[in-house]
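J.: Below is the file entry04.pdb, with PDB, C-alpha atoms.
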```pdb
ATOM      1  CA  MET A1112       0.401  11.741  17.672  1.00  0.00           C
ATOM      2  CA  THR A1113      -1.026   9.750  14.782  1.00  0.00           C
ATOM      3  CA  THR A1114      -0.081  10.822  11.279  1.00  0.00           C
ATOM      4  CA  LEU A1115      -3.028  11.515   8.961  1.00  0.00           C
ATOM      5  CA  LEU A1116      -3.931   8.506   6.825  1.00  0.00           C
ATOM      6  CA  THR A1117      -7.181   7.988   4.950  1.00  0.00           C
ATOM      7  CA  LEU A1118      -8.026   4.456   3.820  1.00  0.00           C
ATOM      8  CA  THR A1119     -10.902   3.899   1.405  1.00  0.00           C
ATOM      9  CA  PRO A1120     -11.913   0.407   0.285  1.00  0.00           C
ATOM     10  CA  SER A1121     -13.739  -0.073  -3.014  1.00  0.00           C
ATOM     11  CA  ARG A1122     -14.461  -2.715  -5.621  1.00  0.00           C
ATOM     12  CA  ARG A1123     -12.848  -2.481  -9.049  1.00  0.00           C
ATOM     13  CA  PRO A1124     -14.813  -3.291 -12.237  1.00  0.00           C
ATOM     14  CA  ASP A1125     -12.999  -6.658 -12.374  1.00  0.00           C
ATOM     15  CA  GLY A1126     -14.358  -7.501  -8.901  1.00  0.00           C
ATOM     16  CA  VAL A1127     -11.035  -7.197  -7.080  1.00  0.00           C
ATOM     17  CA  THR A1128     -10.994  -5.168  -3.873  1.00  0.00           C
ATOM     18  CA  GLN A1129      -8.963  -1.961  -3.955  1.00  0.00           C
ATOM     19  CA  LEU A1130      -7.705  -0.045  -0.942  1.00  0.00           C
ATOM     20  CA  THR A1131      -6.863   3.587  -1.648  1.00  0.00           C
ATOM     21  CA  ALA A1132      -4.489   5.205   0.842  1.00  0.00           C
ATOM     22  CA  ILE A1133      -3.962   8.961   1.136  1.00  0.00           C
ATOM     23  CA  GLY A1134      -1.509  10.703   3.472  1.00  0.00           C
ATOM     24  CA  GLU A1135       1.492   9.141   5.159  1.00  0.00           C
ATOM     25  CA  ILE A1136       2.082   5.598   6.367  1.00  0.00           C
ATOM     26  CA  ASP A1137       4.341   5.378   9.398  1.00  0.00           C
ATOM     27  CA  MET A1138       4.553   3.565  12.723  1.00  0.00           C
ATOM     28  CA  SER A1139       1.829   5.764  14.224  1.00  0.00           C
ATOM     29  CA  ASN A1140      -0.878   4.437  11.924  1.00  0.00           C
ATOM     30  CA  THR A1141       0.224   0.994  10.763  1.00  0.00           C
ATOM     31  CA  ASP A1142      -2.364  -0.695  12.995  1.00  0.00           C
ATOM     32  CA  ALA A1143      -5.147   0.908  10.939  1.00  0.00           C
ATOM     33  CA  PHE A1144      -3.314   0.139   7.684  1.00  0.00           C
ATOM     34  CA  ALA A1145      -2.812  -3.509   8.667  1.00  0.00           C
ATOM     35  CA  ALA A1146      -6.443  -3.863   9.780  1.00  0.00           C
ATOM     36  CA  ALA A1147      -7.689  -2.455   6.461  1.00  0.00           C
ATOM     37  CA  ILE A1148      -5.616  -5.022   4.557  1.00  0.00           C
ATOM     38  CA  GLU A1149      -6.362  -7.940   6.857  1.00  0.00           C
ATOM     39  CA  THR A1150     -10.141  -7.446   6.736  1.00  0.00           C
ATOM     40  CA  THR A1151     -10.210  -8.076   2.994  1.00  0.00           C
ATOM     41  CA  GLU A1152     -10.207 -11.523   1.465  1.00  0.00           C
ATOM     42  CA  GLY A1153      -8.544 -12.630  -1.733  1.00  0.00           C
ATOM     43  CA  PRO A1154      -6.475 -10.486  -4.073  1.00  0.00           C
ATOM     44  CA  LEU A1155      -6.081  -6.831  -3.134  1.00  0.00           C
ATOM     45  CA  VAL A1156      -4.902  -3.818  -5.107  1.00  0.00           C
ATOM     46  CA  ILE A1157      -3.440  -1.101  -2.888  1.00  0.00           C
ATOM     47  CA  ASP A1158      -3.397   2.348  -4.449  1.00  0.00           C
ATOM     48  CA  LEU A1159      -0.511   4.301  -2.922  1.00  0.00           C
ATOM     49  CA  THR A1160      -0.607   7.204  -5.396  1.00  0.00           C
ATOM     50  CA  GLY A1161      -1.837   9.509  -2.620  1.00  0.00           C
ATOM     51  CA  ILE A1162       0.945   8.493  -0.214  1.00  0.00           C
ATOM     52  CA  GLU A1163       3.652  11.075   0.379  1.00  0.00           C
ATOM     53  CA  TYR A1164       5.706   9.053   2.884  1.00  0.00           C
ATOM     54  CA  LEU A1165       6.097   5.331   3.573  1.00  0.00           C
ATOM     55  CA  ASP A1166       8.406   4.154   6.339  1.00  0.00           C
ATOM     56  CA  SER A1167       9.738   0.721   7.288  1.00  0.00           C
ATOM     57  CA  ALA A1168       6.746   0.015   9.541  1.00  0.00           C
ATOM     58  CA  GLY A1169       4.440   0.465   6.549  1.00  0.00           C
ATOM     59  CA  LEU A1170       6.708  -1.633   4.358  1.00  0.00           C
ATOM     60  CA  SER A1171       6.609  -4.468   6.886  1.00  0.00           C
ATOM     61  CA  ILE A1172       2.804  -4.564   6.597  1.00  0.00           C
ATOM     62  CA  LEU A1173       3.050  -4.765   2.803  1.00  0.00           C
ATOM     63  CA  PHE A1174       5.681  -7.525   3.002  1.00  0.00           C
ATOM     64  CA  ARG A1175       3.328  -9.620   5.166  1.00  0.00           C
ATOM     65  CA  HIS A1176       0.770  -9.649   2.353  1.00  0.00           C
ATOM     66  CA  VAL A1177       3.055  -9.735  -0.678  1.00  0.00           C
ATOM     67  CA  ASP A1178       1.525 -13.003  -1.906  1.00  0.00           C
ATOM     68  CA  ARG A1179      -1.896 -11.411  -2.518  1.00  0.00           C
ATOM     69  CA  ILE A1180      -1.337  -7.696  -3.157  1.00  0.00           C
ATOM     70  CA  GLU A1181      -0.644  -5.585  -6.182  1.00  0.00           C
ATOM     71  CA  LEU A1182       0.442  -1.960  -5.774  1.00  0.00           C
ATOM     72  CA  ILE A1183      -0.209   1.240  -7.664  1.00  0.00           C
ATOM     73  CA  ALA A1184       2.426   3.837  -6.797  1.00  0.00           C
ATOM     74  CA  THR A1185       4.157   6.932  -8.105  1.00  0.00           C
ATOM     75  CA  PRO A1186       7.833   7.522  -8.872  1.00  0.00           C
ATOM     76  CA  LEU A1187       8.067   9.265  -5.475  1.00  0.00           C
ATOM     77  CA  LEU A1188       7.811   5.858  -3.785  1.00  0.00           C
ATOM     78  CA  ALA A1189      10.034   4.054  -6.296  1.00  0.00           C
ATOM     79  CA  PRO A1190      13.250   4.275  -4.250  1.00  0.00           C
ATOM     80  CA  VAL A1191      11.746   2.794  -1.081  1.00  0.00           C
ATOM     81  CA  LEU A1192       9.843   0.070  -2.965  1.00  0.00           C
ATOM     82  CA  GLU A1193      12.873  -0.887  -5.056  1.00  0.00           C
ATOM     83  CA  VAL A1194      15.597  -0.699  -2.377  1.00  0.00           C
ATOM     84  CA  SER A1195      13.463  -2.670   0.083  1.00  0.00           C
ATOM     85  CA  GLY A1196      12.969  -5.393  -2.531  1.00  0.00           C
ATOM     86  CA  LEU A1197       9.182  -5.140  -2.430  1.00  0.00           C
ATOM     87  CA  ALA A1198       8.989  -4.090  -6.087  1.00  0.00           C
ATOM     88  CA  GLY A1199      10.668  -7.366  -7.019  1.00  0.00           C
ATOM     89  CA  LEU A1200       8.209  -9.498  -5.034  1.00  0.00           C
ATOM     90  CA  THR A1201       4.876  -8.123  -6.246  1.00  0.00           C
ATOM     91  CA  THR A1202       3.495  -6.215  -9.198  1.00  0.00           C
ATOM     92  CA  VAL A1203       3.895  -2.452  -8.847  1.00  0.00           C
ATOM     93  CA  HIS A1204       2.260  -0.189 -11.419  1.00  0.00           C
ATOM     94  CA  GLY A1205       3.274   3.424 -12.025  1.00  0.00           C
ATOM     95  CA  LEU A1206       6.932   3.516 -10.982  1.00  0.00           C
ATOM     96  CA  ASP A1207       8.234   4.302 -14.434  1.00  0.00           C
ATOM     97  CA  THR A1208       5.813   7.178 -15.087  1.00  0.00           C
ATOM     98  CA  ALA A1209       7.471  10.562 -15.456  1.00  0.00           C
TER      99      ALA A1209
END
```
Taking this structure as input, can you express it in the form of structure tokens?

T.:
Amino acid sequence: MTTLLTLTPSRRPDGVTQLTAIGEIDMSNTDAFAAAIETTEGPLVIDLTGIEYLDSAGLSILFRHVDRIELIATPLLAPVLEVSGLAGLTTVHGLDTA
């Protein structure tokens, strides 16, 4: 069974593409997550503030694109982003917000 994940692409005022993700990212839906990232060109901001769960399958997708992504997250995701090392490889906004 696929876990619920909503992916909404948009364009930011600065012209950069943003992908907003809501739900959970796990091995059941990483194909859709990867396709949403791979169909964009250039820099990409991924808004993870609506993500309640992110597993290693989702992290592996993010690691593949670390050279062109920037993340917006919440403190809920801080442990997984920091322990995995992803937070040290790309810009992550929102981790220090209380």

J.: Skipping near chain neighbours, those fewer than 5 positions away, what residues fall within 12 Å of Ile1157 of chain A using all atoms listed in the file, listed as a count of residues only?

T.: 33

J.: Atom CA of Thr1185 of chain A and atom CA of Leu1115 of chain A, how far apart in Å?

T.: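 Computing it gives 19.1 Å between the two atoms.
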
J.: Nearest to Arg1175 of chain A: which of A:Glu1163, A:Asp1137, A:Asp1207, A:Glu1149 is it, counting only C-alpha atoms?

T.: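 Comparing A:Glu1163, A:Asp1137, A:Asp1207, A:Glu1149 against Arg1175 of chain A, the winner is A:Glu1149.
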
J.: Kindly indicate which residue among A:Leu1170, A:Met1112, A:Ala1198, A:Met1138 lies nearest to Pro1186 of chain A, using all atoms listed in the file for the distances.

T.: A:Ala1198

J.: From the set A:Asp1125, A:Gly1169, A:Leu1206, A:Ser1195, which residue has the shortest atom-to-atom contact distance to Val1156 of chain A, counting only C-alpha atoms?

T.: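 Using only C-alpha atoms, the shortest distance to Val1156 of chain A belongs to A:Asp1125.
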
J.: Suppose you want the space between atom CA of Pro1154 of chain A and atom CA of Asp1178 of chain A; what is it in Å?

T.: 8.7 Å

J.: Just give me the gap between atom CA of Thr1117 of chain A and atom CA of Val1191 of chain A in Å, one decimal is fine.

T.: 20.5 Å

J.: Could you tell me which residues the PyMOL selection byres ((chain A and resi 1139) around 9) returns for this structure, as a list in words?

T.: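 Expected selection for the PyMOL selection byres ((chain A and resi 1139) around 9) here is Met1112, Thr1113, Thr1114, Ile1136, Asp1137, Met1138, Asn1140, Thr1141, Asp1142 and Ala1168 of chain A.
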
J.: Could you take the residues named above and write them with C-alpha atoms, as a JSON list (two decimals), in the frame of the given file?

T.:
```json
[["chain", "number", "residue", "atom", "x", "y", "z"],
["A", 1112, "MET", "CA", 0.40, 11.74, 17.67],
["A", 1113, "THR", "CA", -1.03, 9.75, 14.78],
["A", 1114, "THR", "CA", -0.08, 10.82, 11.28],
["A", 1136, "ILE", "CA", 2.08, 5.60, 6.37],
["A", 1137, "ASP", "CA", 4.34, 5.38, 9.40],
["A", 1138, "MET", "CA", 4.55, 3.56, 12.72],
["A", 1140, "ASN", "CA", -0.88, 4.44, 11.92],
["A", 1141, "THR", "CA", 0.22, 0.99, 10.76],
["A", 1142, "ASP", "CA", -2.36, -0.70, 13.00],
["A", 1168, "ALA", "CA", 6.75, 0.02, 9.54]]
```

J.: Counting all atoms listed in the file, figure out which residue out of A:Gly1196, A:Gly1126, A:Gly1134, A:Pro1190 gets nearest to Gly1153 of chain A.

T.: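 Nearest to Gly1153 of chain A: A:Gly1126.
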